[in-house]
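J.: For reference, this is work-v6.txt, and it has compact mmCIF, C-alpha atoms.
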# COMPACT_ATOMS: atom_id res chain seq x y z
CA MET A 1 -15.05 9.52 2.09
CA LEU A 2 -16.98 6.39 2.96
CA VAL A 3 -15.65 3.09 4.32
CA GLN A 4 -18.58 0.70 4.44
CA GLY A 5 -19.73 -2.88 4.28
CA ALA A 6 -22.89 -2.10 2.32
CA PRO A 7 -23.03 -2.00 -1.48
CA PHE A 8 -23.14 1.42 -3.15
CA ASP A 9 -24.87 2.70 -6.26
CA PHE A 10 -22.05 3.86 -8.50
CA GLY A 11 -24.32 5.81 -10.86
CA ALA A 12 -26.15 7.63 -8.08
CA GLU A 13 -22.89 8.46 -6.27
CA ALA A 14 -21.30 9.79 -9.47
CA ALA A 15 -24.38 11.90 -10.29
CA ALA A 16 -24.57 13.37 -6.78
CA PHE A 17 -20.83 14.09 -6.74
CA SER A 18 -20.99 15.80 -10.12
CA ALA A 19 -24.06 17.87 -9.18
CA ALA A 20 -22.31 19.12 -6.04
CA ALA A 21 -19.02 19.98 -7.80
CA GLY A 22 -19.90 23.56 -8.59
CA GLY A 23 -17.53 25.30 -10.99
CA ALA A 24 -15.76 22.14 -12.15
CA GLY A 25 -15.27 21.56 -15.87
CA ALA A 26 -14.35 17.88 -15.59
CA VAL A 27 -15.39 14.92 -13.47
CA VAL A 28 -13.50 11.62 -13.67
CA THR A 29 -14.81 8.47 -11.98
CA PHE A 30 -13.31 5.01 -11.52
CA THR A 31 -14.95 1.89 -10.10
CA GLY A 32 -13.07 -1.25 -9.09
CA LEU A 33 -14.97 -4.57 -9.33
CA VAL A 34 -14.36 -7.98 -7.80
CA ARG A 35 -12.39 -9.70 -10.57
CA ASP A 36 -13.02 -13.33 -11.46
CA LEU A 37 -10.75 -14.17 -14.39
CA SER A 38 -10.84 -17.92 -13.79
CA GLY A 39 -14.59 -18.17 -13.26
CA ARG A 40 -13.90 -20.03 -10.00
CA LEU A 41 -14.17 -17.22 -7.48
CA GLN A 42 -16.89 -17.65 -4.86
CA ALA A 43 -16.23 -14.50 -2.89
CA MET A 44 -13.72 -11.78 -2.07
CA GLU A 45 -13.27 -11.08 1.63
CA ILE A 46 -11.87 -7.65 2.44
CA GLU A 47 -10.41 -6.94 5.87
CA HIS A 48 -9.49 -3.43 7.00
CA TYR A 49 -8.03 -1.54 9.95
CA PRO A 50 -10.85 0.64 11.31
CA GLY A 51 -9.53 4.06 12.23
CA MET A 52 -6.29 3.88 10.27
CA THR A 53 -8.27 3.25 7.07
CA GLU A 54 -10.18 6.51 7.44
CA ARG A 55 -7.04 8.44 8.38
CA ALA A 56 -5.05 7.07 5.46
CA ILE A 57 -7.79 7.75 2.91
CA ALA A 58 -8.36 11.28 4.24
CA ALA A 59 -4.63 12.04 3.97
CA ILE A 60 -4.40 10.65 0.42
CA ALA A 61 -7.53 12.51 -0.71
CA SER A 62 -6.45 15.82 0.77
CA GLU A 63 -3.05 15.52 -0.93
CA ALA A 64 -4.84 14.93 -4.26
CA VAL A 65 -7.10 17.94 -3.72
CA GLU A 66 -4.11 20.15 -2.95
CA ARG A 67 -1.79 18.95 -5.72
CA TRP A 68 -4.31 19.14 -8.56
CA ARG A 69 -6.41 21.98 -7.11
CA LEU A 70 -9.50 19.79 -7.20
CA VAL A 71 -12.95 21.19 -6.60
CA ASP A 72 -13.71 17.94 -4.76
CA ALA A 73 -12.71 14.28 -4.43
CA LEU A 74 -14.71 11.23 -3.39
CA VAL A 75 -13.50 7.82 -2.19
CA ILE A 76 -15.84 4.93 -1.32
CA HIS A 77 -14.28 1.60 -0.28
CA ARG A 78 -16.11 -1.49 0.93
CA TYR A 79 -15.03 -4.25 3.30
CA GLY A 80 -16.52 -7.62 4.21
CA ARG A 81 -17.61 -10.44 1.91
CA LEU A 82 -18.27 -9.47 -1.73
CA GLY A 83 -19.41 -11.56 -4.68
CA PRO A 84 -17.80 -11.72 -8.17
CA GLY A 85 -18.51 -8.59 -10.21
CA GLU A 86 -19.59 -6.49 -7.25
CA PRO A 87 -18.18 -2.96 -6.97
CA ILE A 88 -15.41 -2.84 -4.33
CA MET A 89 -14.59 0.82 -4.43
CA MET A 90 -14.88 4.02 -6.42
CA VAL A 91 -13.06 7.31 -6.71
CA ALA A 92 -14.32 10.52 -8.25
CA THR A 93 -12.43 13.73 -8.88
CA ALA A 94 -13.71 17.12 -10.00
CA ALA A 95 -11.37 19.73 -11.44
CA ALA A 96 -11.32 22.71 -13.77
CA HIS A 97 -9.89 20.61 -16.61
CA ARG A 98 -9.70 16.91 -17.48
CA ALA A 99 -5.91 16.54 -17.21
CA GLU A 100 -6.02 17.35 -13.48
CA ALA A 101 -9.11 15.20 -12.90
CA PHE A 102 -7.54 12.15 -14.62
CA ALA A 103 -4.15 12.55 -12.94
CA ALA A 104 -5.69 12.96 -9.49
CA ALA A 105 -7.88 9.87 -9.99
CA GLU A 106 -4.82 7.80 -10.97
CA PHE A 107 -2.89 9.12 -7.98
CA LEU A 108 -5.78 8.21 -5.66
CA MET A 109 -5.96 4.68 -7.10
CA ASP A 110 -2.20 4.09 -6.85
CA TYR A 111 -2.10 5.23 -3.23
CA LEU A 112 -5.28 3.45 -2.14
CA LYS A 113 -3.85 0.17 -3.47
CA SER A 114 -0.65 0.30 -1.44
CA ARG A 115 -1.23 2.75 1.43
CA ALA A 116 -4.81 2.22 2.61
CA PRO A 117 -4.98 -0.67 5.11
CA PHE A 118 -7.17 -3.17 3.27
CA TRP A 119 -6.36 -6.84 2.65
CA LYS A 120 -8.13 -9.01 0.10
CA LYS A 121 -8.73 -12.73 0.37
CA GLU A 122 -10.00 -14.78 -2.57
CA VAL A 123 -12.35 -17.65 -1.73
CA THR A 124 -12.72 -20.53 -4.21
CA ALA A 125 -13.97 -24.12 -3.91
CA ASP A 126 -10.34 -25.11 -3.16
CA GLY A 127 -10.01 -22.80 -0.17
CA ALA A 128 -9.10 -19.21 0.57
CA ASP A 129 -5.89 -17.30 -0.20
CA TRP A 130 -4.70 -13.82 0.68
CA VAL A 131 -4.01 -11.73 -2.39
CA ALA A 132 -0.30 -10.86 -2.50
CA ALA A 133 0.73 -7.25 -3.04
CA LYS A 134 2.42 -6.71 -6.39
CA ASP A 135 5.85 -5.09 -6.75
CA ALA A 136 4.38 -3.11 -9.66
CA ASP A 137 1.82 -1.53 -7.32
CA GLU A 138 4.54 -0.31 -4.97
CA ALA A 139 6.63 0.85 -7.94
CA ALA A 140 3.64 2.81 -9.28
CA LEU A 141 3.93 5.19 -6.32
CA GLY A 142 7.33 6.29 -7.61
CA ARG A 143 5.81 8.20 -10.52
CA TRP A 144 4.12 10.66 -8.17
CA MET B 1 0.76 -1.18 28.26
CA ILE B 2 0.44 -1.13 24.51
CA ASP B 3 -2.26 -2.54 22.27
CA LEU B 4 -1.02 -4.95 19.62
CA LEU B 5 -3.20 -5.42 16.53
CA TYR B 6 -2.78 -8.09 13.87
CA PHE B 7 -4.38 -8.18 10.44
CA ALA B 8 -4.82 -10.62 7.54
CA TRP B 9 -2.43 -13.62 7.63
CA VAL B 10 -0.52 -12.17 10.59
CA ARG B 11 -3.78 -12.38 12.58
CA GLU B 12 -4.40 -15.92 11.32
CA ARG B 13 -0.90 -17.16 12.17
CA ILE B 14 -0.93 -15.68 15.66
CA GLY B 15 -4.53 -16.72 16.20
CA LEU B 16 -5.95 -13.50 17.62
CA PRO B 17 -6.80 -10.03 16.32
CA ARG B 18 -5.43 -8.01 19.25
CA GLU B 19 -3.89 -8.22 22.70
CA ARG B 20 -2.43 -5.95 25.36
CA LEU B 21 1.19 -6.20 26.36
CA ALA B 22 3.44 -4.73 29.03
CA THR B 23 6.79 -4.34 27.34
CA GLU B 24 10.12 -2.65 27.87
CA ALA B 25 10.95 -2.81 24.16
CA ALA B 26 12.58 0.40 22.94
CA THR B 27 11.90 -0.08 19.24
CA VAL B 28 9.58 -2.04 16.98
CA ALA B 29 12.44 -4.42 16.17
CA ASP B 30 12.97 -5.07 19.91
CA LEU B 31 9.25 -5.76 20.29
CA VAL B 32 9.35 -8.20 17.36
CA GLU B 33 12.27 -10.06 19.02
CA GLU B 34 10.30 -10.26 22.25
CA LEU B 35 7.22 -11.63 20.47
CA ARG B 36 9.24 -14.14 18.41
CA ALA B 37 10.65 -15.61 21.61
CA ARG B 38 7.20 -16.17 23.10
CA GLU B 39 5.82 -19.06 21.05
CA ASP B 40 6.19 -20.76 17.68
CA ARG B 41 3.10 -19.07 16.24
CA TYR B 42 4.72 -15.67 16.83
CA ALA B 43 8.05 -16.86 15.43
CA LEU B 44 6.18 -18.04 12.34
CA ALA B 45 4.23 -14.79 11.91
CA PHE B 46 7.38 -12.66 12.29
CA ALA B 47 9.75 -14.96 10.37
CA ASP B 48 10.25 -12.57 7.45
CA LEU B 49 10.09 -8.86 8.24
CA SER B 50 10.38 -7.93 4.57
CA SER B 51 6.86 -9.32 4.11
CA LEU B 52 5.49 -7.30 7.02
CA ARG B 53 4.47 -3.71 7.58
CA VAL B 54 4.01 -1.91 10.90
CA ALA B 55 1.89 1.05 11.94
CA LEU B 56 2.40 3.04 15.15
CA ASP B 57 -0.74 4.78 16.37
CA GLN B 58 -2.24 4.23 12.91
CA GLU B 59 0.66 5.71 10.91
CA LEU B 60 3.02 3.55 8.85
CA ALA B 61 6.46 3.31 10.44
CA ASP B 62 9.83 1.56 10.11
CA PHE B 63 10.96 -1.40 12.18
CA ASP B 64 13.70 0.70 13.80
CA ALA B 65 11.15 3.30 15.00
CA PRO B 66 11.10 4.01 18.76
CA LEU B 67 8.08 2.91 20.83
CA ALA B 68 8.22 5.67 23.45
CA GLY B 69 4.73 7.14 23.87
CA VAL B 70 3.17 4.74 21.38
CA ARG B 71 -0.19 3.25 22.43
CA GLU B 72 -1.12 1.08 19.44
CA VAL B 73 1.15 -1.10 17.30
CA ALA B 74 -0.30 -2.92 14.29
CA PHE B 75 1.41 -5.63 12.22
CA PHE B 76 0.13 -6.66 8.80
CA PRO B 77 1.20 -7.76 5.32
CA PRO B 78 1.61 -5.24 2.48
CA MET B 79 -1.77 -3.68 1.78
CA THR B 80 -3.98 -4.74 -1.12
CA GLY B 81 -6.66 -2.08 -1.36
CA GLY B 82 -8.29 -0.57 -4.41
What's the structure tokens form of this structure?

T.:
Amino acid sequence: MLVQGAPFDFGAEAAAFSAAAGGAGAVVTFTGLVRDLSGRLQAMEIEHYPGMTERAIAAIASEAVERWRLVDALVIHRYGRLGPGEPIMMVATAAAHRAEAFAAAEFLMDYLKSRAPFWKKEVTADGADWVAAKDADEAALGRW
Amino acid sequence: MIDLLYFAWVRERIGLPRERLATEAATVADLVEELRAREDRYALAFADLSSLRVALDQELADFDAPLAGVREVAFFPPMTGG
């Protein structure tokens, strides 16, 4: 698990994770990018709670490993000021079969969204606004 | 003494990221009442508890949770990771 300000190389991380996942039959990866649907976004500023962030991610990842008997799981999440299109975070899961790898990756994403202490702020020419949490994101936890 | 930490718009409304406080508050809710009474900026930040979350020693907790033995209390809006 990595919580960092620096950019990461998604391809290199995925390749290294896969190479180290001995015995796995399936690797699923997901990367979240800074979204700019309006074309007006200048930057995304991500604040986090050092200490709690690492604890929360470790707890979520170890639950995923246990529930889906994963060979391994990887979470990388950035903080600081990011530009449109930049990777914010990635998860990777390695399991015996794809069903477990996909389910565990979805579980990780749902929990990271609502239970890892990050807060996003969108900066445009008009000013900066905190991104509001969506009810649907909280509701998504119910399926697990 | 406990450490109080504020994040995102809670930090912006109060105007500082952290502070230390000597308090007799028994629960988080008691602490919130104490802070609200201090100044308008606190009253504004804690106006609507349904839009706030609290962590005690870096674990999410409820507003009726006791503060005995707690060293670090953090207030923040619902998280928007991922």

J.: Name the closest residue to Ala59 in chain A among the candidates B:Ser50, B:Pro78, B:Glu59, B:Glu72; distances are taken between atoms, counting all atoms listed in the file.

T.: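 Looking only at the distances to Ala59 in chain A, the closest residue turns out to be B:Glu59.
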
J.: Using CA of Leu41 in chain A and CA of Trp119 in chain A as the two end points, give the distance in Å to one decimal.

T.: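 Calculated distance between CA of Leu41 in chain A and CA of Trp119 in chain A is 16.5 Å.
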
J.: Sorted by chain and rising residue number, list the residues of chain A at most 6 Å from chain B (counting all atoms listed in the file), each with its closest atom pair and distance in Å to one decimal, as a Markdown table.

T.:
| residue | atom | partner | partner_atom | distance |
| --- | --- | --- | --- | --- |
| A:Met52 | CA | B:Gln58 | CA | 4.8 |
| A:Leu112 | CA | B:Gly82 | CA | 5.5 |
| A:Lys113 | CA | B:Gly81 | CA | 4.2 |
| A:Ser114 | CA | B:Met79 | CA | 5.2 |
| A:Pro117 | CA | B:Met79 | CA | 5.5 |
| A:Phe118 | CA | B:Gly81 | CA | 4.8 |
| A:Trp119 | CA | B:Thr80 | CA | 4.9 |
| A:Ala133 | CA | B:Thr80 | CA | 5.7 |

J.: Restricting the output to C-alpha atoms, write the selected residues as a compact mmCIF listing (two decimals), in the coordinates of the input.

T.:
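The result, stored in selection00.txt:
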# COMPACT_ATOMS: atom_id res chain seq x y z
CA MET A 52 -6.29 3.88 10.27
CA LEU A 112 -5.28 3.45 -2.14
CA LYS A 113 -3.85 0.17 -3.47
CA SER A 114 -0.65 0.30 -1.44
CA PRO A 117 -4.98 -0.67 5.11
CA PHE A 118 -7.17 -3.17 3.27
CA TRP A 119 -6.36 -6.84 2.65
CA ALA A 133 0.73 -7.25 -3.04

J.: Hey, what's within 12 Å of range 11-25 of chain B if we count only C-alpha atoms and toss same-chain stuff fewer than 5 positions away? As a compact mmCIF listing (two decimals) with C-alpha atoms, keeping the file's coordinate frame, please?

T.:
# COMPACT_ATOMS: atom_id res chain seq x y z
CA GLU A 47 -10.41 -6.94 5.87
CA HIS A 48 -9.49 -3.43 7.00
CA TYR A 49 -8.03 -1.54 9.95
CA TRP A 119 -6.36 -6.84 2.65
CA ASP A 129 -5.89 -17.30 -0.20
CA TRP A 130 -4.70 -13.82 0.68
CA MET B 1 0.76 -1.18 28.26
CA ILE B 2 0.44 -1.13 24.51
CA ASP B 3 -2.26 -2.54 22.27
CA LEU B 4 -1.02 -4.95 19.62
CA LEU B 5 -3.20 -5.42 16.53
CA TYR B 6 -2.78 -8.09 13.87
CA ASP B 30 12.97 -5.07 19.91
CA LEU B 31 9.25 -5.76 20.29
CA VAL B 32 9.35 -8.20 17.36
CA GLU B 33 12.27 -10.06 19.02
CA GLU B 34 10.30 -10.26 22.25
CA LEU B 35 7.22 -11.63 20.47
CA ARG B 36 9.24 -14.14 18.41
CA ARG B 38 7.20 -16.17 23.10
CA GLU B 39 5.82 -19.06 21.05
CA ASP B 40 6.19 -20.76 17.68
CA ARG B 41 3.10 -19.07 16.24
CA TYR B 42 4.72 -15.67 16.83
CA ALA B 43 8.05 -16.86 15.43
CA LEU B 44 6.18 -18.04 12.34
CA ALA B 45 4.23 -14.79 11.91
CA PHE B 46 7.38 -12.66 12.29
CA ALA B 47 9.75 -14.96 10.37
CA LEU B 52 5.49 -7.30 7.02
CA ASP B 64 13.70 0.70 13.80
CA ALA B 65 11.15 3.30 15.00
CA PRO B 66 11.10 4.01 18.76
CA LEU B 67 8.08 2.91 20.83
CA ALA B 68 8.22 5.67 23.45
CA GLY B 69 4.73 7.14 23.87
CA VAL B 70 3.17 4.74 21.38
CA ARG B 71 -0.19 3.25 22.43
CA GLU B 72 -1.12 1.08 19.44
CA VAL B 73 1.15 -1.10 17.30
CA ALA B 74 -0.30 -2.92 14.29
CA PHE B 75 1.41 -5.63 12.22
CA PHE B 76 0.13 -6.66 8.80
CA PRO B 77 1.20 -7.76 5.32

J.: Could you list, as a PyMOL selection string, every residue within 7 Å of His97 in chain A, counting all atoms listed in the file and ignoring same-chain residues fewer than 4 positions away?

T.: chain A and resi 25-26+101
